[in-house]
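The structure appears below as structure tokens.
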Amino acid sequence: MFASILIILISFVLLVYWFRYSCILLLREYAKQPATAASEGRFDFRAVRERVRVEPELDSLHLALQRDFRLITYLLEHAAGLELSFFEDKLLLWDYRAMRIWYWLTKTAAPQQARQALSEMASVLAILDDKIGGRGAATLGA
């Protein structure tokens with residue numbers, strides 16, 4: 001009985017470790033690529049990435065990211081040709097949701113961790129926006 005619980009616990013810890021490491025690698029890979037300004041003015045996540053280090057109130061930034069996330073997911077669900085067919089894209093969506101939970105858990109006890117979570121959430125939205133912009137342009141050009 002004890003061995004089974006220990007194996008399950010170790011497996012869960014390794015799964016969480018794999019998930020975080022994979023997300024960090026994806027974010028680093030996309031950070032190396034030049035960003036496009038396809039959605040300049042439509043979304044707030046670029047401004048959030050700039051203001052997250054200096055803004056004393058984090059909840060307003062979180063609400064702006066939530067609004068952008070709802071818009072992007074709505075576009076992905078309802079626009080023809082913009083579905084997330086790659087596992088990496090879905091992994092980024094899960095990472096956004098995990099960072100949203102992490103923000104909620106750390107916003108009062110560890111504000112620096114909450115800032116990092118908001119910054120990662122904004123980075124995920126920037127990557128998804130670039131992918132939507134690239135696929136939308138490819139769809140319109142075809």
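By order of appearance in the structure tokens: chains A, B, ..., then residues from 1 within every chain, and ligands from 1 in the order shown.
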Contacts of Glu50 of chain A at 12 Å (only C-alpha atoms; same-chain gap of 6+ positions) as a list in words: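 That gives Asp44, Leu61, Arg115, Leu118, Ser119, Ala122 and Ser123 of chain A.
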Identify which of the residues A:Trp18, A:Phe45, A:Phe87, A:Trp104 lies closest to Glu120 of chain A, counting only C-alpha atoms when measuring atom-to-atom distances.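 Among A:Trp18, A:Phe45, A:Phe87, A:Trp104, it is A:Phe45 that comes nearest to Glu120 of chain A.
Using only C-alpha atoms, the smallest distance between any of A:Arg46, A:Glu57, A:Asp95, A:Leu15 and Thr108 of chain A comes from A:Glu57.
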I'd like the contact shell of Gln112 of chain A - 12 Å cut-off, only C-alpha atoms, skipping same-chain residues fewer than 6 positions apart - returned as a PyMOL selection string. chain A and resi 52-56+58+102-103+106+118-119
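The spacing separating atom CA of Ile101 of chain A from atom CA of Ala117 of chain A amounts to 9.1 Å.
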So which one's closest to Met99 of chain A, A:Lys32, A:Arg51, A:Arg20, A:Arg42? Using only C-alpha atoms, please.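 The closest residue to Met99 of chain A is A:Arg20.
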Between A:His62, A:Arg49, A:Arg28, A:Lys90, which residue has the minimum interatomic distance to Lys107 of chain A, considering only C-alpha atoms?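 The closest residue to Lys107 of chain A is A:His62.
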Between A:Ala64, A:Leu84, A:Leu71, A:Val13, which has the minimum distance to Met121 of chain A (counting only C-alpha atoms)? A:Ala64
Secondary structure check, helix (DSSP H, G or I) residues of segment 67-140 of chain A, as a ChimeraX atom specification: /A:67-78,87-106,111-140
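Within the 10 Å cut-off around Leu91 of chain A, using only C-alpha atoms and omitting residues fewer than 6 positions from it on the same chain, the listed residues are Phe19, Arg20, Ser22, Cys23, Leu26 and Arg97 of chain A.
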I need the residues from that last selection saved to file as a CSV table (one decimal), in the first residue's frame (with all heavy atoms), if you can.
chain,number,residue,atom,x,y,z
A,19,PHE,N,6.2,18.9,-17.2
A,19,PHE,CA,5.3,20.0,-17.7
A,19,PHE,C,6.0,21.4,-17.6
A,19,PHE,O,6.0,22.1,-18.6
A,19,PHE,CB,4.0,20.0,-17.0
A,19,PHE,CG,3.1,21.1,-17.3
A,19,PHE,CD1,2.4,21.1,-18.5
A,19,PHE,CD2,2.9,22.2,-16.4
A,19,PHE,CE1,1.6,22.2,-18.9
A,19,PHE,CE2,2.0,23.2,-16.8
A,19,PHE,CZ,1.4,23.2,-18.0
A,20,ARG,N,6.5,21.7,-16.5
A,20,ARG,CA,7.1,23.0,-16.3
A,20,ARG,C,8.4,23.2,-17.2
A,20,ARG,O,8.6,24.2,-17.8
A,20,ARG,CB,7.5,23.3,-14.8
A,20,ARG,CG,6.3,23.6,-13.9
A,20,ARG,CD,5.6,24.8,-14.4
A,20,ARG,NE,6.5,26.0,-14.4
A,20,ARG,CZ,6.3,27.0,-15.2
A,20,ARG,NH1,5.4,27.1,-16.1
A,20,ARG,NH2,7.2,28.0,-15.2
A,22,SER,N,9.0,21.6,-20.0
A,22,SER,CA,8.6,21.7,-21.4
A,22,SER,C,8.1,23.1,-21.7
A,22,SER,O,8.4,23.7,-22.7
A,22,SER,CB,7.5,20.7,-21.7
A,22,SER,OG,8.0,19.4,-21.5
A,23,CYS,N,7.3,23.7,-20.8
A,23,CYS,CA,6.8,25.1,-21.0
A,23,CYS,C,7.9,26.1,-21.0
A,23,CYS,O,7.9,27.0,-21.9
A,23,CYS,CB,5.8,25.4,-19.9
A,23,CYS,SG,4.3,24.4,-20.0
A,26,LEU,N,9.7,25.8,-24.3
A,26,LEU,CA,8.8,26.4,-25.4
A,26,LEU,C,8.9,28.0,-25.4
A,26,LEU,O,9.1,28.6,-26.4
A,26,LEU,CB,7.4,26.0,-25.3
A,26,LEU,CG,7.1,24.6,-25.8
A,26,LEU,CD1,5.7,24.2,-25.4
A,26,LEU,CD2,7.3,24.4,-27.2
A,97,ARG,N,-3.1,28.5,-18.0
A,97,ARG,CA,-4.1,28.2,-16.9
A,97,ARG,C,-3.3,27.8,-15.6
A,97,ARG,O,-3.8,28.2,-14.5
A,97,ARG,CB,-5.0,27.0,-17.4
A,97,ARG,CG,-5.9,27.5,-18.5
A,97,ARG,CD,-6.8,26.3,-18.9
A,97,ARG,NE,-7.7,26.8,-20.0
A,97,ARG,CZ,-7.7,26.3,-21.2
A,97,ARG,NH1,-6.9,25.4,-21.6
A,97,ARG,NH2,-8.6,26.8,-22.1
Quick check, in Å to one decimal: how far apart do atom CA of Ala110 of chain A and atom CA of Phe43 of chain A lie?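 Taking atom CA of Ala110 of chain A and atom CA of Phe43 of chain A, their separation equals 27.0 Å.
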Counting only C-alpha atoms, the option among A:Gln33, A:Gln66, A:Leu27, A:Val48 closest to Val124 of chain A: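 For Val124 of chain A, the nearest of the candidates is A:Leu27.
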